[in-house]
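Quick look at final-v9.tsv (TSV, C-alpha atoms):
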chain	number	residue	atom	x	y	z
A	1101	GLN	CA	0.00	0.00	0.00
A	1102	THR	CA	1.40	3.35	-1.06
A	1103	VAL	CA	1.81	5.90	1.72
A	1104	VAL	CA	2.34	9.62	1.23
A	1105	THR	CA	3.87	11.31	4.26
A	1106	GLN	CA	3.68	14.94	5.37
A	1107	GLU	CA	4.80	16.66	8.55
A	1108	PRO	CA	1.88	16.49	11.01
A	1109	SER	CA	2.32	20.06	12.14
A	1110	LEU	CA	4.52	23.12	11.66
A	1111	THR	CA	4.58	26.51	13.32
A	1112	VAL	CA	5.65	29.74	11.66
A	1113	SER	CA	5.76	33.38	12.74
A	1114	PRO	CA	3.86	36.04	10.81
A	1115	GLY	CA	6.05	37.29	8.00
A	1116	GLY	CA	8.21	34.19	8.14
A	1117	THR	CA	8.78	31.34	5.73
A	1118	VAL	CA	7.88	27.68	6.13
A	1119	THR	CA	8.36	24.68	3.85
A	1120	LEU	CA	6.08	21.66	3.90
A	1121	THR	CA	7.18	18.41	2.30
A	1122	CYS	CA	5.46	15.42	0.74
A	1123	ALA	CA	7.25	12.08	0.56
A	1124	SER	CA	6.31	8.85	-1.19
A	1125	SER	CA	6.87	5.37	0.23
A	1126	THR	CA	7.78	4.23	-3.30
A	1127	GLY	CA	10.85	6.47	-3.51
A	1128	ALA	CA	11.75	9.91	-4.76
A	1129	VAL	CA	8.93	12.18	-5.86
A	1130	THR	CA	9.44	13.50	-9.37
A	1131	SER	CA	7.44	15.72	-11.69
A	1132	GLY	CA	5.85	12.56	-13.04
A	1133	TYR	CA	3.85	12.33	-9.83
A	1134	TYR	CA	2.19	15.64	-10.76
A	1135	PRO	CA	2.22	16.94	-7.16
A	1136	ASN	CA	-0.83	18.97	-6.20
A	1137	TRP	CA	-1.28	20.99	-3.03
A	1138	PHE	CA	-4.54	21.94	-1.33
A	1139	GLN	CA	-5.38	24.26	1.56
A	1140	GLN	CA	-8.24	23.62	3.98
A	1141	LYS	CA	-9.30	26.11	6.61
A	1142	PRO	CA	-11.53	25.05	9.50
A	1143	GLY	CA	-15.09	24.42	8.39
A	1144	GLN	CA	-14.27	24.98	4.75
A	1145	VAL	CA	-13.92	22.87	1.64
A	1146	PRO	CA	-10.35	22.24	0.49
A	1147	ARG	CA	-9.07	24.69	-2.11
A	1148	ALA	CA	-6.55	23.91	-4.83
A	1149	LEU	CA	-3.28	25.85	-4.56
A	1150	ILE	CA	-0.62	24.23	-6.74
A	1151	TYR	CA	-0.69	21.71	-9.61
A	1152	SER	CA	1.99	19.79	-11.49
A	1153	THR	CA	4.71	20.54	-8.94
A	1154	ASN	CA	5.02	24.31	-9.21
A	1155	ASN	CA	2.09	25.87	-11.05
A	1156	ARG	CA	-0.25	28.23	-9.23
A	1157	HIS	CA	-3.94	28.40	-9.98
A	1158	SER	CA	-5.22	31.80	-10.99
A	1159	TRP	CA	-6.46	32.44	-7.45
A	1160	THR	CA	-3.30	31.30	-5.63
A	1161	PRO	CA	-1.29	34.11	-4.01
A	1162	ALA	CA	2.31	34.42	-5.20
A	1163	ARG	CA	3.60	33.76	-1.67
A	1164	PHE	CA	2.73	30.07	-2.21
A	1165	SER	CA	5.27	28.18	-4.30
A	1166	GLY	CA	5.77	24.52	-5.15
A	1167	SER	CA	8.97	22.65	-5.91
A	1168	LEU	CA	10.85	19.36	-5.66
A	1169	LEU	CA	13.26	19.24	-2.76
A	1170	GLY	CA	15.49	16.36	-1.76
A	1171	GLY	CA	13.31	13.70	-3.38
A	1172	LYS	CA	10.09	15.16	-2.05
A	1173	ALA	CA	7.46	17.57	-3.26
A	1174	ALA	CA	7.53	20.80	-1.33
A	1175	LEU	CA	5.22	23.74	-0.68
A	1176	THR	CA	6.84	26.94	0.56
A	1177	LEU	CA	4.84	29.69	2.19
A	1178	SER	CA	6.70	33.01	2.20
A	1179	ALA	CA	5.79	36.20	4.04
A	1180	VAL	CA	3.25	34.14	5.95
A	1181	GLN	CA	0.04	35.87	6.95
A	1182	PRO	CA	-2.34	34.95	9.78
A	1183	GLU	CA	-4.93	33.77	7.26
A	1184	ASP	CA	-2.51	31.11	6.03
A	1185	GLU	CA	-3.19	29.10	9.17
A	1186	ALA	CA	-4.78	25.94	7.80
A	1187	ASP	CA	-4.30	22.30	6.95
A	1188	TYR	CA	-2.33	21.59	3.80
A	1189	TYR	CA	-2.57	18.39	1.79
A	1190	CYS	CA	-0.45	17.08	-1.04
A	1191	LEU	CA	-1.76	14.72	-3.71
A	1192	LEU	CA	0.43	12.46	-5.85
A	1193	TYR	CA	-0.34	10.54	-9.03
A	1194	TYR	CA	0.64	6.87	-9.29
A	1195	GLY	CA	-0.12	6.11	-12.92
A	1196	GLY	CA	-3.87	5.74	-12.64
A	1197	ALA	CA	-4.59	6.29	-8.98
A	1198	TRP	CA	-3.99	9.28	-6.76
A	1199	VAL	CA	-3.01	9.30	-3.10
A	1200	PHE	CA	-3.30	12.12	-0.58
A	1201	GLY	CA	-0.78	12.81	2.11
A	1202	GLY	CA	-1.94	12.88	5.71
A	1203	GLY	CA	-1.89	16.65	5.84
A	1204	THR	CA	0.16	19.28	7.67
A	1205	LYS	CA	-1.40	21.65	10.16
A	1206	VAL	CA	0.29	25.04	9.84
A	1207	THR	CA	-0.03	27.30	12.84
A	1208	VAL	CA	0.84	30.99	12.52
A	1209	LEU	CA	2.06	32.18	15.90
B	1224	GLU	CA	-19.12	29.90	-12.71
B	1225	VAL	CA	-18.08	26.33	-12.03
B	1226	GLN	CA	-20.44	24.62	-9.60
B	1227	LEU	CA	-20.44	21.09	-8.25
B	1228	VAL	CA	-23.31	20.03	-6.00
B	1229	GLU	CA	-23.26	16.67	-4.25
B	1230	SER	CA	-26.41	15.00	-2.99
B	1231	GLY	CA	-27.65	11.64	-1.80
B	1232	GLY	CA	-25.89	11.44	1.53
B	1233	GLY	CA	-27.59	10.34	4.71
B	1234	LEU	CA	-27.82	7.63	7.32
B	1235	VAL	CA	-27.46	4.05	6.17
B	1236	GLN	CA	-27.11	0.80	8.07
B	1237	PRO	CA	-23.95	-1.31	7.88
B	1238	GLY	CA	-24.10	-3.54	4.83
B	1239	GLY	CA	-26.38	-1.13	3.03
B	1240	SER	CA	-25.96	0.81	-0.19
B	1241	LEU	CA	-26.10	4.44	-1.18
B	1242	LYS	CA	-25.70	6.32	-4.44
B	1243	LEU	CA	-24.28	9.82	-4.41
B	1244	SER	CA	-24.74	12.33	-7.20
B	1245	CYS	CA	-22.60	15.27	-8.28
B	1246	ALA	CA	-24.45	17.79	-10.43
B	1247	ALA	CA	-22.13	19.99	-12.47
B	1248	SER	CA	-22.64	23.34	-14.15
B	1249	GLY	CA	-20.63	26.22	-15.53
B	1250	PHE	CA	-18.18	24.18	-17.60
B	1251	THR	CA	-18.02	21.51	-20.30
B	1252	PHE	CA	-18.78	18.51	-18.11
B	1253	SER	CA	-18.33	15.95	-20.88
B	1254	GLY	CA	-14.67	16.90	-21.31
B	1255	SER	CA	-13.67	16.65	-17.68
B	1256	THR	CA	-12.44	13.84	-15.47
B	1257	MET	CA	-14.46	13.64	-12.27
B	1258	HIS	CA	-13.01	12.49	-8.96
B	1259	TRP	CA	-14.56	11.41	-5.67
B	1260	VAL	CA	-12.75	12.10	-2.40
B	1261	ARG	CA	-13.85	11.66	1.21
B	1262	GLN	CA	-12.91	13.13	4.55
B	1263	ALA	CA	-13.62	10.94	7.54
B	1264	SER	CA	-12.51	13.32	10.26
B	1265	VAL	CA	-11.45	16.92	10.76
B	1266	ARG	CA	-8.13	15.99	9.18
B	1267	GLY	CA	-7.50	13.46	6.43
B	1268	LEU	CA	-8.52	13.32	2.78
B	1269	GLU	CA	-8.83	10.03	0.92
B	1270	TRP	CA	-8.96	9.80	-2.86
B	1271	LEU	CA	-11.58	7.20	-3.83
B	1272	GLY	CA	-11.52	7.11	-7.59
B	1273	HIS	CA	-12.20	8.89	-10.85
B	1274	ILE	CA	-13.93	8.54	-14.18
B	1275	ARG	CA	-12.42	9.98	-17.33
B	1276	SER	CA	-14.23	11.49	-20.28
B	1277	LYS	CA	-15.74	9.77	-23.33
B	1278	PRO	CA	-12.63	10.35	-25.52
B	1279	LYS	CA	-10.71	8.45	-22.83
B	1280	SER	CA	-13.26	5.64	-22.91
B	1281	TYR	CA	-14.87	6.62	-19.60
B	1282	ALA	CA	-11.95	4.84	-17.92
B	1283	THR	CA	-12.21	4.46	-14.18
B	1284	ALA	CA	-9.68	3.97	-11.41
B	1285	TYR	CA	-10.22	3.27	-7.73
B	1286	ALA	CA	-8.35	3.31	-4.46
B	1287	GLU	CA	-7.56	-0.19	-3.21
B	1288	SER	CA	-9.61	0.49	-0.08
B	1289	VAL	CA	-12.88	0.74	-2.02
B	1290	LYS	CA	-12.20	-1.33	-5.13
B	1291	GLY	CA	-15.00	-3.82	-5.66
B	1292	ARG	CA	-17.42	-1.98	-3.34
B	1293	PHE	CA	-17.61	1.47	-4.93
B	1294	THR	CA	-18.43	2.26	-8.56
B	1295	ILE	CA	-18.14	5.60	-10.30
B	1296	SER	CA	-20.26	6.42	-13.33
B	1297	ARG	CA	-21.42	9.50	-15.20
B	1298	ASP	CA	-24.23	10.76	-17.39
B	1299	ASP	CA	-22.90	13.48	-19.67
B	1300	SER	CA	-26.40	14.34	-20.87
B	1301	GLU	CA	-27.37	15.15	-17.27
B	1302	HIS	CA	-23.98	16.73	-16.38
B	1303	THR	CA	-23.84	14.42	-13.39
B	1304	ALA	CA	-21.32	12.04	-11.88
B	1305	TYR	CA	-22.27	9.25	-9.50
B	1306	LEU	CA	-20.69	7.21	-6.72
B	1307	GLN	CA	-22.42	3.91	-6.01
B	1308	MET	CA	-21.40	2.58	-2.61
B	1309	ASN	CA	-22.21	-0.99	-1.58
B	1310	SER	CA	-21.53	-3.13	1.48
B	1311	LEU	CA	-21.07	-0.01	3.54
B	1312	LYS	CA	-19.13	-0.15	6.79
B	1313	PRO	CA	-19.03	2.22	9.78
B	1314	GLU	CA	-15.57	3.32	8.66
B	1315	ASP	CA	-17.11	4.67	5.43
B	1316	THR	CA	-18.69	7.43	7.50
B	1317	ALA	CA	-17.37	10.66	6.01
B	1318	VAL	CA	-18.09	13.75	3.98
B	1319	TYR	CA	-17.89	12.86	0.30
B	1320	PHE	CA	-16.69	15.41	-2.26
B	1321	CYS	CA	-16.68	15.41	-6.03
B	1322	ILE	CA	-13.88	17.26	-7.78
B	1323	ARG	CA	-13.37	18.40	-11.33
B	1324	GLN	CA	-10.22	17.77	-13.33
B	1325	ASP	CA	-10.06	19.67	-16.58
B	1326	ASP	CA	-6.41	20.31	-17.37
B	1327	THR	CA	-5.88	20.50	-13.62
B	1328	ILE	CA	-7.60	19.29	-10.47
B	1329	ASP	CA	-9.28	22.46	-9.36
B	1330	TYR	CA	-12.90	22.84	-8.25
B	1331	TRP	CA	-14.49	20.98	-5.34
B	1332	GLY	CA	-18.12	20.56	-4.40
B	1333	GLN	CA	-19.40	21.37	-0.90
B	1334	GLY	CA	-19.65	17.71	0.04
B	1335	THR	CA	-22.39	15.41	1.31
B	1336	LEU	CA	-22.31	13.56	4.63
B	1337	VAL	CA	-22.67	9.80	4.73
B	1338	THR	CA	-23.17	8.15	8.10
B	1339	VAL	CA	-23.02	4.38	8.37
B	1340	SER	CA	-24.53	3.27	11.64
B	1341	SER	CA	-27.15	0.95	13.07
Translate the structure of the given file into structure tokens.
Amino acid sequence: QTVVTQEPSLTVSPGGTVTLTCASSTGAVTSGYYPNWFQQKPGQVPRALIYSTNNRHSWTPARFSGSLLGGKAALTLSAVQPEDEADYYCLLYYGGAWVFGGGTKVTVL
Amino acid sequence: EVQLVESGGGLVQPGGSLKLSCAASGFTFSGSTMHWVRQASVRGLEWLGHIRSKPKSYATAYAESVKGRFTISRDDSEHTAYLQMNSLKPEDTAVYFCIRQDDTIDYWGQGTLVTVSS
């Protein structure tokens, strides 16, 4: 069974930078896994942020960026704002099926 | 405006069946792949499966956890995707979302709650 692993929680100060990662139990994550990132605030439906590793949707603020880092997919939040406090999920493609990571709770403190 | 509206959720007994619907509007439904995802707790999303468009032979794929119990279908004339769930278990209790994939996975519906309990 394929497992996608994210940090359970991270804390960042307002104005700071934080990087979330997304690892695959099958090995290094590459662009062929088409990493997607989603943000979910309490009581809300998840919202798409990043697709195909590093592409922002039209509504995604520029302070959110995606990349590959050390064999993992990564989401970097720069100049973090209080409203960025949320759960973040990655989604990887395994040649037919998709698998979500367990999510990272980002606290802005 | 892209809209996805799920319906059909509710309370069902263990071993029962339920069919969810996802009514789409505001885009060319027939050209999109439609996904189903669930969230069983405050945290945790689980991809369940998808159905591709007619040019891609309406191909389906499923998560191992639901393969053989859940079936995804679509009616392009009604702009609706479906999730047929059989042999339901208490652990299937969750909010179920449909999601559109055009060139990218982007829009989500508001979700419908399924509760499996006696």
Just need the residues of chain B within 6 Å of chain A, counting all atoms listed in the file, so spit them out as an mmCIF file with C-alpha atoms, in the coordinates of the input.
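The result, stored in iface32.cif:
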data_model
loop_
_atom_site.group_PDB
_atom_site.id
_atom_site.type_symbol
_atom_site.label_atom_id
_atom_site.label_comp_id
_atom_site.auth_asym_id
_atom_site.auth_seq_id
_atom_site.Cartn_x
_atom_site.Cartn_y
_atom_site.Cartn_z
ATOM 1 C CA GLY B 1267 -7.500 13.460 6.430
ATOM 2 C CA TRP B 1270 -8.960 9.800 -2.860
ATOM 3 C CA ASP B 1329 -9.280 22.460 -9.360
#
Exercise for review: Please identify all polymer residues within 12 Å of Gln1181 of chain A, counting all atoms listed in the file, omitting same-chain residues fewer than 6 positions from it, and present them as a PyMOL selection string.
Suggested key: chain A and resi 1112-1118+1161+1163-1164+1206-1209
Practice item. Go ahead and compute the interatomic distance for atom CA of Gly1254 of chain B and atom CA of His1302 of chain B, in Å to one decimal. Key: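 Computing the Euclidean distance for atom CA of Gly1254 of chain B and atom CA of His1302 of chain B yields 10.5 Å.
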**Study point:** Pick from A:Ala1173, A:Tyr1193, A:Ser1158, A:Thr1119 nearest to Thr1105 of chain A, counting all atoms listed in the file
**Key:**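 Using all atoms listed in the file, the shortest distance to Thr1105 of chain A belongs to A:Ala1173.
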Practice item. Considering only C-alpha atoms, return as a list in words whatever protein or nucleic-acid residues lie within 9 Å of segment 1258-1260 of chain B, sequence-local ones (same chain, fewer than 5 positions apart) excluded. Key: Leu1268, Glu1269, Trp1270, Leu1271, Gly1272, His1273, Ile1274, Arg1275, Ile1295, Ala1304, Tyr1305, Leu1306, Val1318, Tyr1319, Phe1320, Cys1321, Ile1322, Arg1323, Gln1324 and Ile1328 of chain B
Review point. Which distance in Å separates atom CA of Leu1168 of chain A and atom CA of Ser1125 of chain A, to one decimal?
Key: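 Going from atom CA of Leu1168 of chain A over to atom CA of Ser1125 of chain A covers 15.7 Å.
Interatomic distance, atom CA of Val1289 of chain B to atom CA of Leu1311 of chain B: 9.9 Å.
Among the candidates B:Ala1247, B:Leu1234, B:Ala1282, B:Met1257, the residue lying nearest to Thr1316 of chain B is B:Leu1234 (atoms considered: all atoms listed in the file).
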Check your understanding: Need the neighbours of (7.7, 24.4, -7.0): which residues are at most 8 Å away, counting only C-alpha atoms, as JSON, numbers by chain?
Key -> {"A": [1153, 1154, 1155, 1165, 1166, 1167, 1168, 1173, 1174, 1175]}
Expected file contents, prior selection, C-alpha atoms, as an mmCIF file, in the coordinates of the input:
data_model
loop_
_atom_site.group_PDB
_atom_site.id
_atom_site.type_symbol
_atom_site.label_atom_id
_atom_site.label_comp_id
_atom_site.auth_asym_id
_atom_site.auth_seq_id
_atom_site.Cartn_x
_atom_site.Cartn_y
_atom_site.Cartn_z
ATOM 1 C CA THR A 1153 4.710 20.540 -8.940
ATOM 2 C CA ASN A 1154 5.020 24.310 -9.210
ATOM 3 C CA ASN A 1155 2.090 25.870 -11.050
ATOM 4 C CA SER A 1165 5.270 28.180 -4.300
ATOM 5 C CA GLY A 1166 5.770 24.520 -5.150
ATOM 6 C CA SER A 1167 8.970 22.650 -5.910
ATOM 7 C CA LEU A 1168 10.850 19.360 -5.660
ATOM 8 C CA ALA A 1173 7.460 17.570 -3.260
ATOM 9 C CA ALA A 1174 7.530 20.800 -1.330
ATOM 10 C CA LEU A 1175 5.220 23.740 -0.680
#
Segment 1319-1329 of chain B: axis-aligned bounding box, 8 Å on each side, centre and edge lengths in Å, one decimal, as JSON:
{"center_x": -11.9, "center_y": 17.7, "center_z": -8.5, "size_x": 28.0, "size_y": 25.6, "size_z": 33.7}
Exercise for review: For Ser1230 of chain B, list every protein, DNA or RNA residue within 8 Å, evaluated using only C-alpha atoms, and leave out those in the same chain fewer than 2 positions away; present the list as a ChimeraX atom specification.
Suggested key: /B:1228,1232,1243-1245,1334-1335
Exercise for review: Name the closest residue to Ser1240 of chain B among the candidates B:Met1308, B:Ala1263, B:Leu1227, B:Val1337; distances are taken between atoms, counting all atoms listed in the file.
Suggested key: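 Nearest candidate to Ser1240 of chain B out of B:Met1308, B:Ala1263, B:Leu1227, B:Val1337: B:Met1308.
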**Study point:** Selected residue of minimal separation from Ser1341 of chain B among B:Lys1312, B:Lys1290, B:Ala1284, B:Phe1250, counting all atoms listed in the file
**Key:**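 Of all the options, B:Lys1312 lies closest to Ser1341 of chain B.
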Exercise for review: Could you pull out every residue with an atom within 8 Å of (-24.1, 15.9, -21.2), file coordinates, counting all atoms listed in the file, and send them as a list in words?
Suggested key: Phe1252, Ser1253, Asp1298, Asp1299, Ser1300, Glu1301, His1302 and Thr1303 of chain B
Give me a file of those residues, with C-alpha atoms, as a PDB file, in the coordinates of the input.
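As written to disk, again_21.pdb reads:
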ATOM      1  CA  PHE B1252     -18.780  18.510 -18.110  1.00  0.00           C
ATOM      2  CA  SER B1253     -18.330  15.950 -20.880  1.00  0.00           C
ATOM      3  CA  ASP B1298     -24.230  10.760 -17.390  1.00  0.00           C
ATOM      4  CA  ASP B1299     -22.900  13.480 -19.670  1.00  0.00           C
ATOM      5  CA  SER B1300     -26.400  14.340 -20.870  1.00  0.00           C
ATOM      6  CA  GLU B1301     -27.370  15.150 -17.270  1.00  0.00           C
ATOM      7  CA  HIS B1302     -23.980  16.730 -16.380  1.00  0.00           C
ATOM      8  CA  THR B1303     -23.840  14.420 -13.390  1.00  0.00           C
TER       9      THR B1303
END
Review point. Restricting the calculation to all atoms listed in the file, which member of A:Val1129, A:Ala1162, A:Val1180, A:Leu1110 is positioned closest to Tyr1194 of chain A?
Key: A:Val1129
Should you be able to, write segment 1265-1278 of chain B of this structure into a file that contains N, CA and C atoms, as a PDB file, in the first residue's frame.
ATOM      1  N   VAL B1265     -11.835  15.525  10.992  1.00  0.00           N
ATOM      2  CA  VAL B1265     -11.453  16.916  10.758  1.00  0.00           C
ATOM      3  C   VAL B1265     -10.229  16.982   9.856  1.00  0.00           C
ATOM      4  N   ARG B1266      -9.284  16.059  10.057  1.00  0.00           N
ATOM      5  CA  ARG B1266      -8.126  15.988   9.183  1.00  0.00           C
ATOM      6  C   ARG B1266      -8.195  14.697   8.381  1.00  0.00           C
ATOM      7  N   GLY B1267      -7.644  14.672   7.206  1.00  0.00           N
ATOM      8  CA  GLY B1267      -7.502  13.460   6.432  1.00  0.00           C
ATOM      9  C   GLY B1267      -8.401  13.377   5.224  1.00  0.00           C
ATOM     10  N   LEU B1268      -7.812  13.492   4.036  1.00  0.00           N
ATOM     11  CA  LEU B1268      -8.517  13.321   2.780  1.00  0.00           C
ATOM     12  C   LEU B1268      -8.124  11.980   2.178  1.00  0.00           C
ATOM     13  N   GLU B1269      -9.094  11.306   1.585  1.00  0.00           N
ATOM     14  CA  GLU B1269      -8.829  10.028   0.923  1.00  0.00           C
ATOM     15  C   GLU B1269      -9.392  10.072  -0.492  1.00  0.00           C
ATOM     16  N   TRP B1270      -8.530   9.897  -1.475  1.00  0.00           N
ATOM     17  CA  TRP B1270      -8.963   9.798  -2.857  1.00  0.00           C
ATOM     18  C   TRP B1270      -9.627   8.446  -3.063  1.00  0.00           C
ATOM     19  N   LEU B1271     -10.821   8.426  -3.649  1.00  0.00           N
ATOM     20  CA  LEU B1271     -11.581   7.197  -3.829  1.00  0.00           C
ATOM     21  C   LEU B1271     -11.514   6.671  -5.256  1.00  0.00           C
ATOM     22  N   GLY B1272     -11.540   7.575  -6.219  1.00  0.00           N
ATOM     23  CA  GLY B1272     -11.522   7.113  -7.590  1.00  0.00           C
ATOM     24  C   GLY B1272     -11.889   8.227  -8.553  1.00  0.00           C
ATOM     25  N   HIS B1273     -11.811   7.915  -9.841  1.00  0.00           N
ATOM     26  CA  HIS B1273     -12.198   8.891 -10.849  1.00  0.00           C
ATOM     27  C   HIS B1273     -12.776   8.204 -12.071  1.00  0.00           C
ATOM     28  N   ILE B1274     -13.442   9.006 -12.887  1.00  0.00           N
ATOM     29  CA  ILE B1274     -13.927   8.543 -14.179  1.00  0.00           C
ATOM     30  C   ILE B1274     -13.520   9.567 -15.228  1.00  0.00           C
ATOM     31  N   ARG B1275     -12.898   9.082 -16.273  1.00  0.00           N
ATOM     32  CA  ARG B1275     -12.417   9.976 -17.334  1.00  0.00           C
ATOM     33  C   ARG B1275     -13.556  10.271 -18.311  1.00  0.00           C
ATOM     34  N   SER B1276     -13.237  11.063 -19.318  1.00  0.00           N
ATOM     35  CA  SER B1276     -14.233  11.494 -20.284  1.00  0.00           C
ATOM     36  C   SER B1276     -14.432  10.459 -21.384  1.00  0.00           C
ATOM     37  N   LYS B1277     -15.431  10.707 -22.240  1.00  0.00           N
ATOM     38  CA  LYS B1277     -15.736   9.774 -23.325  1.00  0.00           C
ATOM     39  C   LYS B1277     -14.539   9.547 -24.240  1.00  0.00           C
ATOM     40  N   PRO B1278     -13.810  10.595 -24.670  1.00  0.00           N
ATOM     41  CA  PRO B1278     -12.630  10.353 -25.522  1.00  0.00           C
ATOM     42  C   PRO B1278     -11.596   9.434 -24.869  1.00  0.00           C
TER      43      PRO B1278
END
